[in-house]
file target-v3.cif (mmCIF, N, CA and C atoms)
data_upload
loop_
_atom_site.label_atom_id
_atom_site.label_comp_id
_atom_site.auth_asym_id
_atom_site.auth_seq_id
_atom_site.Cartn_x
_atom_site.Cartn_y
_atom_site.Cartn_z
N MET A 19 93.16 90.88 65.06
CA MET A 19 92.42 90.26 66.15
C MET A 19 93.34 89.47 67.08
N ASN A 20 94.41 88.90 66.53
CA ASN A 20 95.35 88.16 67.38
C ASN A 20 96.05 89.08 68.37
N ALA A 21 96.17 90.36 68.02
CA ALA A 21 96.80 91.31 68.94
C ALA A 21 95.97 91.42 70.22
N LEU A 22 94.65 91.37 70.10
CA LEU A 22 93.80 91.39 71.30
C LEU A 22 93.95 90.11 72.11
N ARG A 23 94.09 89.01 71.41
CA ARG A 23 94.27 87.73 72.12
C ARG A 23 95.60 87.69 72.86
N LEU A 24 96.60 88.37 72.31
CA LEU A 24 97.93 88.39 72.93
C LEU A 24 98.08 89.48 73.97
N LEU A 25 97.06 90.29 74.16
CA LEU A 25 97.15 91.41 75.09
C LEU A 25 97.56 91.00 76.52
N PRO A 26 97.03 89.91 77.09
CA PRO A 26 97.50 89.53 78.43
C PRO A 26 99.00 89.21 78.47
N VAL A 27 99.52 88.60 77.43
CA VAL A 27 100.95 88.29 77.37
C VAL A 27 101.76 89.58 77.29
N ILE A 28 101.32 90.48 76.42
CA ILE A 28 102.03 91.75 76.25
C ILE A 28 102.00 92.55 77.55
N LEU A 29 100.84 92.61 78.19
CA LEU A 29 100.73 93.34 79.45
C LEU A 29 101.60 92.72 80.53
N SER A 30 101.63 91.40 80.59
CA SER A 30 102.46 90.73 81.59
C SER A 30 103.93 91.06 81.41
N PHE A 31 104.39 91.06 80.17
CA PHE A 31 105.80 91.37 79.92
C PHE A 31 106.11 92.84 80.18
N LEU A 32 105.18 93.73 79.88
CA LEU A 32 105.40 95.14 80.18
C LEU A 32 105.42 95.40 81.68
N LEU A 33 104.58 94.69 82.42
CA LEU A 33 104.61 94.80 83.89
C LEU A 33 105.93 94.29 84.45
N LEU A 34 106.42 93.17 83.89
CA LEU A 34 107.72 92.66 84.32
C LEU A 34 108.83 93.64 83.97
N ALA A 35 108.75 94.25 82.79
CA ALA A 35 109.75 95.25 82.41
C ALA A 35 109.74 96.42 83.38
N ALA A 36 108.57 96.89 83.76
CA ALA A 36 108.47 97.99 84.72
C ALA A 36 109.03 97.58 86.08
N HIS A 37 108.77 96.36 86.48
CA HIS A 37 109.29 95.84 87.75
C HIS A 37 110.82 95.82 87.74
N PHE A 38 111.39 95.31 86.66
CA PHE A 38 112.85 95.25 86.56
C PHE A 38 113.45 96.65 86.43
N TYR A 39 112.76 97.55 85.74
CA TYR A 39 113.25 98.91 85.60
C TYR A 39 113.30 99.61 86.96
N ARG A 40 112.25 99.40 87.75
CA ARG A 40 112.22 100.00 89.09
C ARG A 40 113.33 99.46 89.97
N ALA A 41 113.69 98.19 89.73
CA ALA A 41 114.77 97.57 90.50
C ALA A 41 116.14 97.97 89.98
N GLY A 42 116.18 98.70 88.85
CA GLY A 42 117.45 99.15 88.30
C GLY A 42 118.13 98.15 87.38
N ASN A 43 117.41 97.12 86.98
CA ASN A 43 117.98 96.10 86.10
C ASN A 43 117.58 96.41 84.65
N VAL A 44 118.42 97.22 84.00
CA VAL A 44 118.12 97.68 82.65
C VAL A 44 118.20 96.54 81.64
N ILE A 45 119.06 95.59 81.88
CA ILE A 45 119.22 94.48 80.93
C ILE A 45 117.94 93.64 80.88
N LEU A 46 117.40 93.26 82.03
CA LEU A 46 116.16 92.48 82.04
C LEU A 46 114.97 93.31 81.55
N THR A 47 115.01 94.60 81.79
CA THR A 47 113.96 95.48 81.27
C THR A 47 113.94 95.44 79.75
N GLY A 48 115.10 95.63 79.15
CA GLY A 48 115.20 95.59 77.70
C GLY A 48 114.86 94.22 77.14
N LEU A 49 115.28 93.18 77.84
CA LEU A 49 114.99 91.82 77.38
C LEU A 49 113.49 91.55 77.37
N CYS A 50 112.79 92.01 78.40
CA CYS A 50 111.32 91.82 78.45
C CYS A 50 110.65 92.52 77.28
N VAL A 51 111.11 93.70 76.94
CA VAL A 51 110.51 94.45 75.83
C VAL A 51 110.89 93.81 74.50
N LEU A 52 112.14 93.45 74.34
CA LEU A 52 112.58 92.86 73.07
C LEU A 52 111.97 91.49 72.80
N LEU A 53 111.73 90.73 73.84
CA LEU A 53 111.12 89.41 73.65
C LEU A 53 109.73 89.50 73.03
N LEU A 54 109.05 90.61 73.24
CA LEU A 54 107.71 90.76 72.68
C LEU A 54 107.73 90.73 71.15
N PHE A 55 108.85 91.09 70.55
CA PHE A 55 108.95 91.05 69.09
C PHE A 55 108.96 89.62 68.55
N LEU A 56 109.26 88.66 69.41
CA LEU A 56 109.20 87.26 68.98
C LEU A 56 107.77 86.82 68.70
N LEU A 57 106.80 87.54 69.22
CA LEU A 57 105.40 87.19 68.97
C LEU A 57 105.03 87.34 67.49
N PHE A 58 105.83 88.09 66.74
CA PHE A 58 105.58 88.24 65.31
C PHE A 58 106.01 87.01 64.51
N LEU A 59 106.89 86.20 65.10
CA LEU A 59 107.35 84.99 64.41
C LEU A 59 106.26 83.92 64.46
N ARG A 60 106.06 83.24 63.35
CA ARG A 60 105.07 82.16 63.31
C ARG A 60 105.79 80.82 63.42
N LYS A 61 106.47 80.63 64.52
CA LYS A 61 107.23 79.40 64.76
C LYS A 61 106.58 78.61 65.87
N PRO A 62 106.65 77.27 65.80
CA PRO A 62 106.00 76.45 66.81
C PRO A 62 106.60 76.57 68.21
N TRP A 63 107.84 77.02 68.32
CA TRP A 63 108.48 77.11 69.63
C TRP A 63 108.13 78.40 70.37
N VAL A 64 107.56 79.38 69.68
CA VAL A 64 107.26 80.67 70.31
C VAL A 64 106.26 80.54 71.46
N PRO A 65 105.13 79.84 71.28
CA PRO A 65 104.19 79.73 72.41
C PRO A 65 104.81 79.05 73.63
N ARG A 66 105.57 77.99 73.42
CA ARG A 66 106.17 77.28 74.56
C ARG A 66 107.19 78.16 75.27
N LEU A 67 107.98 78.90 74.50
CA LEU A 67 108.95 79.81 75.11
C LEU A 67 108.24 80.83 75.99
N PHE A 68 107.18 81.42 75.46
CA PHE A 68 106.46 82.43 76.24
C PHE A 68 105.76 81.83 77.45
N GLN A 69 105.26 80.62 77.32
CA GLN A 69 104.63 79.98 78.48
C GLN A 69 105.65 79.73 79.59
N VAL A 70 106.83 79.28 79.22
CA VAL A 70 107.88 79.07 80.22
C VAL A 70 108.30 80.40 80.84
N LEU A 71 108.49 81.42 80.01
CA LEU A 71 108.89 82.73 80.52
C LEU A 71 107.82 83.35 81.41
N LEU A 72 106.56 83.13 81.09
CA LEU A 72 105.50 83.66 81.94
C LEU A 72 105.45 82.95 83.29
N VAL A 73 105.72 81.67 83.32
CA VAL A 73 105.79 80.96 84.60
C VAL A 73 106.97 81.49 85.41
N LEU A 74 108.11 81.69 84.75
CA LEU A 74 109.27 82.27 85.44
C LEU A 74 108.96 83.69 85.93
N GLY A 75 108.22 84.43 85.12
CA GLY A 75 107.82 85.78 85.53
C GLY A 75 106.92 85.76 86.75
N SER A 76 106.01 84.80 86.81
CA SER A 76 105.14 84.73 87.99
C SER A 76 105.94 84.31 89.23
N LEU A 77 106.95 83.48 89.03
CA LEU A 77 107.83 83.14 90.16
C LEU A 77 108.60 84.36 90.64
N GLU A 78 108.98 85.24 89.71
CA GLU A 78 109.65 86.49 90.10
C GLU A 78 108.70 87.38 90.90
N TRP A 79 107.44 87.41 90.53
CA TRP A 79 106.48 88.19 91.31
C TRP A 79 106.32 87.62 92.71
N LEU A 80 106.31 86.29 92.82
CA LEU A 80 106.22 85.67 94.15
C LEU A 80 107.47 85.95 94.98
N ARG A 81 108.63 85.95 94.33
CA ARG A 81 109.87 86.28 95.04
C ARG A 81 109.82 87.73 95.52
N ALA A 82 109.35 88.62 94.66
CA ALA A 82 109.23 90.03 95.04
C ALA A 82 108.24 90.20 96.19
N LEU A 83 107.16 89.44 96.15
CA LEU A 83 106.18 89.48 97.24
C LEU A 83 106.84 89.11 98.56
N TYR A 84 107.60 88.04 98.56
CA TYR A 84 108.28 87.61 99.78
C TYR A 84 109.23 88.69 100.30
N VAL A 85 110.04 89.25 99.41
CA VAL A 85 111.03 90.25 99.81
C VAL A 85 110.34 91.51 100.34
N PHE A 86 109.35 92.00 99.58
CA PHE A 86 108.68 93.23 100.00
C PHE A 86 107.87 93.03 101.27
N ALA A 87 107.24 91.88 101.41
CA ALA A 87 106.47 91.62 102.63
C ALA A 87 107.39 91.53 103.84
N GLN A 88 108.54 90.89 103.67
CA GLN A 88 109.50 90.82 104.78
C GLN A 88 109.98 92.21 105.19
N MET A 89 110.21 93.06 104.19
CA MET A 89 110.63 94.44 104.51
C MET A 89 109.54 95.18 105.26
N ARG A 90 108.30 95.04 104.81
CA ARG A 90 107.20 95.72 105.48
C ARG A 90 106.99 95.20 106.89
N ILE A 91 107.10 93.90 107.05
CA ILE A 91 106.94 93.31 108.38
C ILE A 91 108.04 93.81 109.31
N ALA A 92 109.27 93.89 108.78
CA ALA A 92 110.40 94.35 109.59
C ALA A 92 110.21 95.80 110.04
N PHE A 93 109.58 96.61 109.21
CA PHE A 93 109.33 98.01 109.56
C PHE A 93 107.97 98.21 110.22
N GLU A 94 107.31 97.10 110.54
CA GLU A 94 106.01 97.10 111.20
C GLU A 94 104.98 97.92 110.41
N GLN A 95 104.97 97.73 109.09
CA GLN A 95 104.00 98.37 108.22
C GLN A 95 103.02 97.32 107.73
N PRO A 96 101.81 97.75 107.33
CA PRO A 96 100.86 96.77 106.80
C PRO A 96 101.37 96.17 105.48
N TRP A 97 101.11 94.88 105.29
CA TRP A 97 101.64 94.21 104.11
C TRP A 97 100.59 93.38 103.38
N THR A 98 99.39 93.28 103.92
CA THR A 98 98.39 92.41 103.30
C THR A 98 97.92 92.93 101.93
N ARG A 99 97.76 94.23 101.78
CA ARG A 99 97.35 94.78 100.49
C ARG A 99 98.43 94.52 99.44
N LEU A 100 99.68 94.68 99.83
CA LEU A 100 100.81 94.37 98.95
C LEU A 100 100.75 92.91 98.52
N ALA A 101 100.47 92.03 99.46
CA ALA A 101 100.42 90.60 99.16
C ALA A 101 99.28 90.28 98.20
N VAL A 102 98.13 90.87 98.41
CA VAL A 102 96.99 90.61 97.53
C VAL A 102 97.29 91.09 96.11
N ILE A 103 97.85 92.28 95.99
CA ILE A 103 98.15 92.84 94.67
C ILE A 103 99.20 92.00 93.95
N LEU A 104 100.28 91.67 94.62
CA LEU A 104 101.34 90.91 93.95
C LEU A 104 100.91 89.46 93.67
N LEU A 105 100.08 88.88 94.52
CA LEU A 105 99.54 87.56 94.20
C LEU A 105 98.64 87.61 92.96
N ALA A 106 97.85 88.67 92.85
CA ALA A 106 97.00 88.82 91.67
C ALA A 106 97.84 89.01 90.41
N VAL A 107 98.90 89.78 90.50
CA VAL A 107 99.78 89.99 89.34
C VAL A 107 100.48 88.68 88.98
N ALA A 108 100.92 87.93 89.98
CA ALA A 108 101.58 86.64 89.71
C ALA A 108 100.60 85.67 89.05
N LEU A 109 99.38 85.64 89.53
CA LEU A 109 98.37 84.76 88.93
C LEU A 109 98.04 85.18 87.50
N PHE A 110 97.88 86.48 87.29
CA PHE A 110 97.60 86.99 85.94
C PHE A 110 98.74 86.64 84.99
N THR A 111 99.97 86.80 85.46
CA THR A 111 101.14 86.49 84.62
C THR A 111 101.18 85.01 84.28
N ALA A 112 100.95 84.16 85.25
CA ALA A 112 100.98 82.72 85.00
C ALA A 112 99.86 82.29 84.06
N LEU A 113 98.67 82.83 84.26
CA LEU A 113 97.53 82.43 83.44
C LEU A 113 97.56 83.04 82.04
N SER A 114 98.38 84.05 81.83
CA SER A 114 98.49 84.66 80.50
C SER A 114 98.99 83.68 79.46
N GLY A 115 99.74 82.70 79.88
CA GLY A 115 100.24 81.70 78.95
C GLY A 115 99.15 80.83 78.35
N LEU A 116 97.98 80.82 78.96
CA LEU A 116 96.89 80.00 78.45
C LEU A 116 96.29 80.55 77.15
N VAL A 117 96.59 81.79 76.81
CA VAL A 117 96.04 82.34 75.57
C VAL A 117 96.56 81.57 74.35
N PHE A 118 97.72 80.96 74.48
CA PHE A 118 98.29 80.20 73.37
C PHE A 118 97.57 78.87 73.15
N GLU A 119 96.71 78.48 74.07
CA GLU A 119 95.96 77.24 73.93
C GLU A 119 94.66 77.43 73.15
N GLY A 120 94.31 78.67 72.85
CA GLY A 120 93.11 78.94 72.06
C GLY A 120 93.30 78.53 70.61
N ALA A 121 92.19 78.28 69.93
CA ALA A 121 92.24 77.77 68.55
C ALA A 121 92.91 78.75 67.59
N ALA A 122 92.62 80.04 67.75
CA ALA A 122 93.16 81.03 66.81
C ALA A 122 94.68 81.13 66.92
N LEU A 123 95.19 81.20 68.14
CA LEU A 123 96.64 81.30 68.30
C LEU A 123 97.33 79.97 68.03
N ARG A 124 96.64 78.87 68.30
CA ARG A 124 97.21 77.57 67.96
C ARG A 124 97.38 77.45 66.45
N ALA A 125 96.40 77.97 65.71
CA ALA A 125 96.49 77.95 64.25
C ALA A 125 97.58 78.90 63.76
N ARG A 126 97.77 80.01 64.43
CA ARG A 126 98.80 80.97 64.01
C ARG A 126 100.19 80.40 64.17
N TYR A 127 100.46 79.78 65.30
CA TYR A 127 101.81 79.30 65.58
C TYR A 127 102.00 77.84 65.18
N LYS A 128 100.93 77.12 64.96
CA LYS A 128 100.98 75.72 64.58
C LYS A 128 102.01 74.91 65.38
N PRO A 129 101.84 74.90 66.70
CA PRO A 129 102.80 74.12 67.50
C PRO A 129 102.62 72.62 67.26
N GLU A 130 103.71 71.95 67.45
CA GLU A 130 103.67 70.49 67.29
C GLU A 130 102.96 69.88 68.49
N ARG A 131 102.00 69.05 68.24
CA ARG A 131 101.26 68.38 69.30
C ARG A 131 101.70 66.93 69.37
N PRO A 132 101.89 66.43 70.59
CA PRO A 132 102.30 65.01 70.72
C PRO A 132 101.17 64.08 70.36
#
call {"tool": "encode", "arguments": {"input": "target-v3.cif", "output": "structure tokens"}}
result
Amino acid sequence: MNALRLLPVILSFLLLAAHFYRAGNVILTGLCVLLLFLLFLRKPWVPRLFQVLLVLGSLEWLRALYVFAQMRIAFEQPWTRLAVILLAVALFTALSGLVFEGAALRARYKPERP
């Protein structure tokens, strides 16, 4: 059942891997895929690591949005649909980190609470 709860995180990392693969960055592609294996560890630092990485991933989507929109604008092509899609992906990626705040995953990873 925890696999279903982690599905947004897994999907976000696979989307980031596909994004990096399309850009030709094989190292970051492999890193995105390999990091998913850390989800099997029941350590308190795993949720925080993934939350930070998901925020960084959403910032990468926003950076990509800026670059691609600038290219489209320069070529006088429509860019609003691109912006809506990439903003939605960035939001989904950022909000995926909230799955670790649920009771079931909190119990699985037992993070230290202040």
call {"tool": "residues_around", "arguments": {"input": "target-v3.cif", "residues": "Pro62 in chain A", "least_positions_apart": "2", "cutoff": "12 Å", "atoms": "only C-alpha atoms", "output": "PDB file with N, CA and C atoms, in the frame of the given file"}}
result
ATOM      1  N   LEU A  56     109.260  88.660  69.410  1.00  0.00           N
ATOM      2  CA  LEU A  56     109.200  87.260  68.980  1.00  0.00           C
ATOM      3  C   LEU A  56     107.770  86.820  68.700  1.00  0.00           C
ATOM      4  N   LEU A  57     106.800  87.540  69.220  1.00  0.00           N
ATOM      5  CA  LEU A  57     105.400  87.190  68.970  1.00  0.00           C
ATOM      6  C   LEU A  57     105.030  87.340  67.490  1.00  0.00           C
ATOM      7  N   PHE A  58     105.830  88.090  66.740  1.00  0.00           N
ATOM      8  CA  PHE A  58     105.580  88.240  65.310  1.00  0.00           C
ATOM      9  C   PHE A  58     106.010  87.010  64.510  1.00  0.00           C
ATOM     10  N   LEU A  59     106.890  86.200  65.100  1.00  0.00           N
ATOM     11  CA  LEU A  59     107.350  84.990  64.410  1.00  0.00           C
ATOM     12  C   LEU A  59     106.260  83.920  64.460  1.00  0.00           C
ATOM     13  N   ARG A  60     106.060  83.240  63.350  1.00  0.00           N
ATOM     14  CA  ARG A  60     105.070  82.160  63.310  1.00  0.00           C
ATOM     15  C   ARG A  60     105.790  80.820  63.420  1.00  0.00           C
ATOM     16  N   VAL A  64     107.560  79.380  69.680  1.00  0.00           N
ATOM     17  CA  VAL A  64     107.260  80.670  70.310  1.00  0.00           C
ATOM     18  C   VAL A  64     106.260  80.540  71.460  1.00  0.00           C
ATOM     19  N   PRO A  65     105.130  79.840  71.280  1.00  0.00           N
ATOM     20  CA  PRO A  65     104.190  79.730  72.410  1.00  0.00           C
ATOM     21  C   PRO A  65     104.810  79.050  73.630  1.00  0.00           C
ATOM     22  N   ARG A  66     105.570  77.990  73.420  1.00  0.00           N
ATOM     23  CA  ARG A  66     106.170  77.280  74.560  1.00  0.00           C
ATOM     24  C   ARG A  66     107.190  78.160  75.270  1.00  0.00           C
ATOM     25  N   LEU A  67     107.980  78.900  74.500  1.00  0.00           N
ATOM     26  CA  LEU A  67     108.950  79.810  75.110  1.00  0.00           C
ATOM     27  C   LEU A  67     108.240  80.830  75.990  1.00  0.00           C
ATOM     28  N   PHE A  68     107.180  81.420  75.460  1.00  0.00           N
ATOM     29  CA  PHE A  68     106.460  82.430  76.240  1.00  0.00           C
ATOM     30  C   PHE A  68     105.760  81.830  77.450  1.00  0.00           C
ATOM     31  N   PHE A 118      97.720  80.960  74.480  1.00  0.00           N
ATOM     32  CA  PHE A 118      98.290  80.200  73.370  1.00  0.00           C
ATOM     33  C   PHE A 118      97.570  78.870  73.150  1.00  0.00           C
ATOM     34  N   LEU A 123      95.190  81.200  68.140  1.00  0.00           N
ATOM     35  CA  LEU A 123      96.640  81.300  68.300  1.00  0.00           C
ATOM     36  C   LEU A 123      97.330  79.970  68.030  1.00  0.00           C
ATOM     37  N   ARG A 124      96.640  78.870  68.300  1.00  0.00           N
ATOM     38  CA  ARG A 124      97.210  77.570  67.960  1.00  0.00           C
ATOM     39  C   ARG A 124      97.380  77.450  66.450  1.00  0.00           C
ATOM     40  N   ALA A 125      96.400  77.970  65.710  1.00  0.00           N
ATOM     41  CA  ALA A 125      96.490  77.950  64.250  1.00  0.00           C
ATOM     42  C   ALA A 125      97.580  78.900  63.760  1.00  0.00           C
ATOM     43  N   ARG A 126      97.770  80.010  64.430  1.00  0.00           N
ATOM     44  CA  ARG A 126      98.800  80.970  64.010  1.00  0.00           C
ATOM     45  C   ARG A 126     100.190  80.400  64.170  1.00  0.00           C
ATOM     46  N   TYR A 127     100.460  79.780  65.300  1.00  0.00           N
ATOM     47  CA  TYR A 127     101.810  79.300  65.580  1.00  0.00           C
ATOM     48  C   TYR A 127     102.000  77.840  65.180  1.00  0.00           C
ATOM     49  N   LYS A 128     100.930  77.120  64.960  1.00  0.00           N
ATOM     50  CA  LYS A 128     100.980  75.720  64.580  1.00  0.00           C
ATOM     51  C   LYS A 128     102.010  74.910  65.380  1.00  0.00           C
ATOM     52  N   PRO A 129     101.840  74.900  66.700  1.00  0.00           N
ATOM     53  CA  PRO A 129     102.800  74.120  67.500  1.00  0.00           C
ATOM     54  C   PRO A 129     102.620  72.620  67.260  1.00  0.00           C
ATOM     55  N   GLU A 130     103.710  71.950  67.450  1.00  0.00           N
ATOM     56  CA  GLU A 130     103.670  70.490  67.290  1.00  0.00           C
ATOM     57  C   GLU A 130     102.960  69.880  68.490  1.00  0.00           C
ATOM     58  N   ARG A 131     102.000  69.050  68.240  1.00  0.00           N
ATOM     59  CA  ARG A 131     101.260  68.380  69.300  1.00  0.00           C
ATOM     60  C   ARG A 131     101.700  66.930  69.370  1.00  0.00           C
TER      61      ARG A 131
END
call {"tool": "select_by_dssp", "arguments": {"input": "target-v3.cif", "residues": "range 78-131 of chain A", "states": "helix (DSSP H, G or I)", "output": "PyMOL selection string"}}
result
chain A and resi 78-92+98-119+121-127
call {"tool": "axis_aligned_box", "arguments": {"input": "target-v3.cif", "around": "range 53-58 of chain A", "padding_each_side": "4 Å", "output": "AutoDock Vina command-line options"}}
result
--center_x 108.4 --center_y 89.0 --center_z 69.2 --size_x 14.7 --size_y 12.3 --size_z 17.3
call {"tool": "atom_distance", "arguments": {"input": "target-v3.cif", "atom1": "CA of Val85 in chain A", "atom2": "CA of Leu100 in chain A"}}
result
11.1 Å
call {"tool": "residues_around", "arguments": {"input": "target-v3.cif", "residues": "Trp79 in chain A", "least_positions_apart": "4", "cutoff": "6.5 Å", "atoms": "all atoms listed in the file", "output": "list of chain:residue names"}}
result
A:Leu74, A:Gly75, A:Leu83, A:Tyr84, A:Leu104, A:Val107, A:Ala108
call {"tool": "write_last_selection", "arguments": {"input": "target-v3.cif", "atoms": "N, CA and C atoms", "output": "short mmCIF file (atom, residue, chain, number, x, y, z; two decimals), in the frame of the given file"}}
result
data_model
loop_
_atom_site.label_atom_id
_atom_site.label_comp_id
_atom_site.auth_asym_id
_atom_site.auth_seq_id
_atom_site.Cartn_x
_atom_site.Cartn_y
_atom_site.Cartn_z
N LEU A 74 108.11 81.69 84.75
CA LEU A 74 109.27 82.27 85.44
C LEU A 74 108.96 83.69 85.93
N GLY A 75 108.22 84.43 85.12
CA GLY A 75 107.82 85.78 85.53
C GLY A 75 106.92 85.76 86.75
N LEU A 83 107.16 89.44 96.15
CA LEU A 83 106.18 89.48 97.24
C LEU A 83 106.84 89.11 98.56
N TYR A 84 107.60 88.04 98.56
CA TYR A 84 108.28 87.61 99.78
C TYR A 84 109.23 88.69 100.30
N LEU A 104 100.28 91.67 94.62
CA LEU A 104 101.34 90.91 93.95
C LEU A 104 100.91 89.46 93.67
N VAL A 107 98.90 89.78 90.50
CA VAL A 107 99.78 89.99 89.34
C VAL A 107 100.48 88.68 88.98
N ALA A 108 100.92 87.93 89.98
CA ALA A 108 101.58 86.64 89.71
C ALA A 108 100.60 85.67 89.05
#
call {"tool": "closest_residue", "arguments": {"input": "target-v3.cif", "among": "A:Ala92, A:Leu54, A:Leu105, A:Leu49", "to": "Val27 in chain A", "atoms": "all atoms listed in the file"}}
result
A:Leu54
call {"tool": "decode", "arguments": {"input": "target-v3.cif", "residues": "range 93-110 of chain A", "atoms": "N, CA and C atoms", "output": "PDB file, in the first residue's frame"}}
result
ATOM      1  N   PHE A  93      11.220  32.589 -31.645  1.00  0.00           N
ATOM      2  CA  PHE A  93      10.818  32.062 -32.947  1.00  0.00           C
ATOM      3  C   PHE A  93       9.376  32.412 -33.297  1.00  0.00           C
ATOM      4  N   GLU A  94       8.771  33.276 -32.481  1.00  0.00           N
ATOM      5  CA  GLU A  94       7.399  33.734 -32.678  1.00  0.00           C
ATOM      6  C   GLU A  94       6.416  32.568 -32.767  1.00  0.00           C
ATOM      7  N   GLN A  95       6.577  31.596 -31.869  1.00  0.00           N
ATOM      8  CA  GLN A  95       5.678  30.461 -31.775  1.00  0.00           C
ATOM      9  C   GLN A  95       4.851  30.607 -30.505  1.00  0.00           C
ATOM     10  N   PRO A  96       3.674  29.964 -30.472  1.00  0.00           N
ATOM     11  CA  PRO A  96       2.871  30.036 -29.247  1.00  0.00           C
ATOM     12  C   PRO A  96       3.587  29.328 -28.087  1.00  0.00           C
ATOM     13  N   TRP A  97       3.451  29.897 -26.895  1.00  0.00           N
ATOM     14  CA  TRP A  97       4.174  29.339 -25.755  1.00  0.00           C
ATOM     15  C   TRP A  97       3.292  29.160 -24.525  1.00  0.00           C
ATOM     16  N   THR A  98       2.045  29.592 -24.584  1.00  0.00           N
ATOM     17  CA  THR A  98       1.194  29.524 -23.388  1.00  0.00           C
ATOM     18  C   THR A  98       0.863  28.082 -22.990  1.00  0.00           C
ATOM     19  N   ARG A  99       0.618  27.210 -23.945  1.00  0.00           N
ATOM     20  CA  ARG A  99       0.328  25.815 -23.609  1.00  0.00           C
ATOM     21  C   ARG A  99       1.547  25.166 -22.957  1.00  0.00           C
ATOM     22  N   LEU A 100       2.723  25.465 -23.475  1.00  0.00           N
ATOM     23  CA  LEU A 100       3.969  24.980 -22.877  1.00  0.00           C
ATOM     24  C   LEU A 100       4.077  25.458 -21.433  1.00  0.00           C
ATOM     25  N   ALA A 101       3.756  26.719 -21.211  1.00  0.00           N
ATOM     26  CA  ALA A 101       3.855  27.288 -19.867  1.00  0.00           C
ATOM     27  C   ALA A 101       2.874  26.617 -18.908  1.00  0.00           C
ATOM     28  N   VAL A 102       1.660  26.386 -19.358  1.00  0.00           N
ATOM     29  CA  VAL A 102       0.662  25.752 -18.492  1.00  0.00           C
ATOM     30  C   VAL A 102       1.089  24.334 -18.137  1.00  0.00           C
ATOM     31  N   ILE A 103       1.570  23.586 -19.118  1.00  0.00           N
ATOM     32  CA  ILE A 103       1.981  22.199 -18.866  1.00  0.00           C
ATOM     33  C   ILE A 103       3.173  22.154 -17.921  1.00  0.00           C
ATOM     34  N   LEU A 104       4.183  22.948 -18.170  1.00  0.00           N
ATOM     35  CA  LEU A 104       5.375  22.896 -17.317  1.00  0.00           C
ATOM     36  C   LEU A 104       5.104  23.461 -15.922  1.00  0.00           C
ATOM     37  N   LEU A 105       4.217  24.442 -15.812  1.00  0.00           N
ATOM     38  CA  LEU A 105       3.831  24.909 -14.480  1.00  0.00           C
ATOM     39  C   LEU A 105       3.089  23.818 -13.709  1.00  0.00           C
ATOM     40  N   ALA A 106       2.236  23.075 -14.407  1.00  0.00           N
ATOM     41  CA  ALA A 106       1.522  21.974 -13.754  1.00  0.00           C
ATOM     42  C   ALA A 106       2.490  20.884 -13.310  1.00  0.00           C
ATOM     43  N   VAL A 107       3.473  20.573 -14.133  1.00  0.00           N
ATOM     44  CA  VAL A 107       4.466  19.559 -13.771  1.00  0.00           C
ATOM     45  C   VAL A 107       5.312  20.048 -12.599  1.00  0.00           C
ATOM     46  N   ALA A 108       5.684  21.315 -12.601  1.00  0.00           N
ATOM     47  CA  ALA A 108       6.470  21.871 -11.486  1.00  0.00           C
ATOM     48  C   ALA A 108       5.660  21.833 -10.189  1.00  0.00           C
ATOM     49  N   LEU A 109       4.391  22.171 -10.267  1.00  0.00           N
ATOM     50  CA  LEU A 109       3.534  22.131  -9.082  1.00  0.00           C
ATOM     51  C   LEU A 109       3.349  20.701  -8.581  1.00  0.00           C
ATOM     52  N   PHE A 110       3.113  19.773  -9.501  1.00  0.00           N
ATOM     53  CA  PHE A 110       2.965  18.366  -9.124  1.00  0.00           C
ATOM     54  C   PHE A 110       4.236  17.855  -8.455  1.00  0.00           C
TER      55      PHE A 110
END
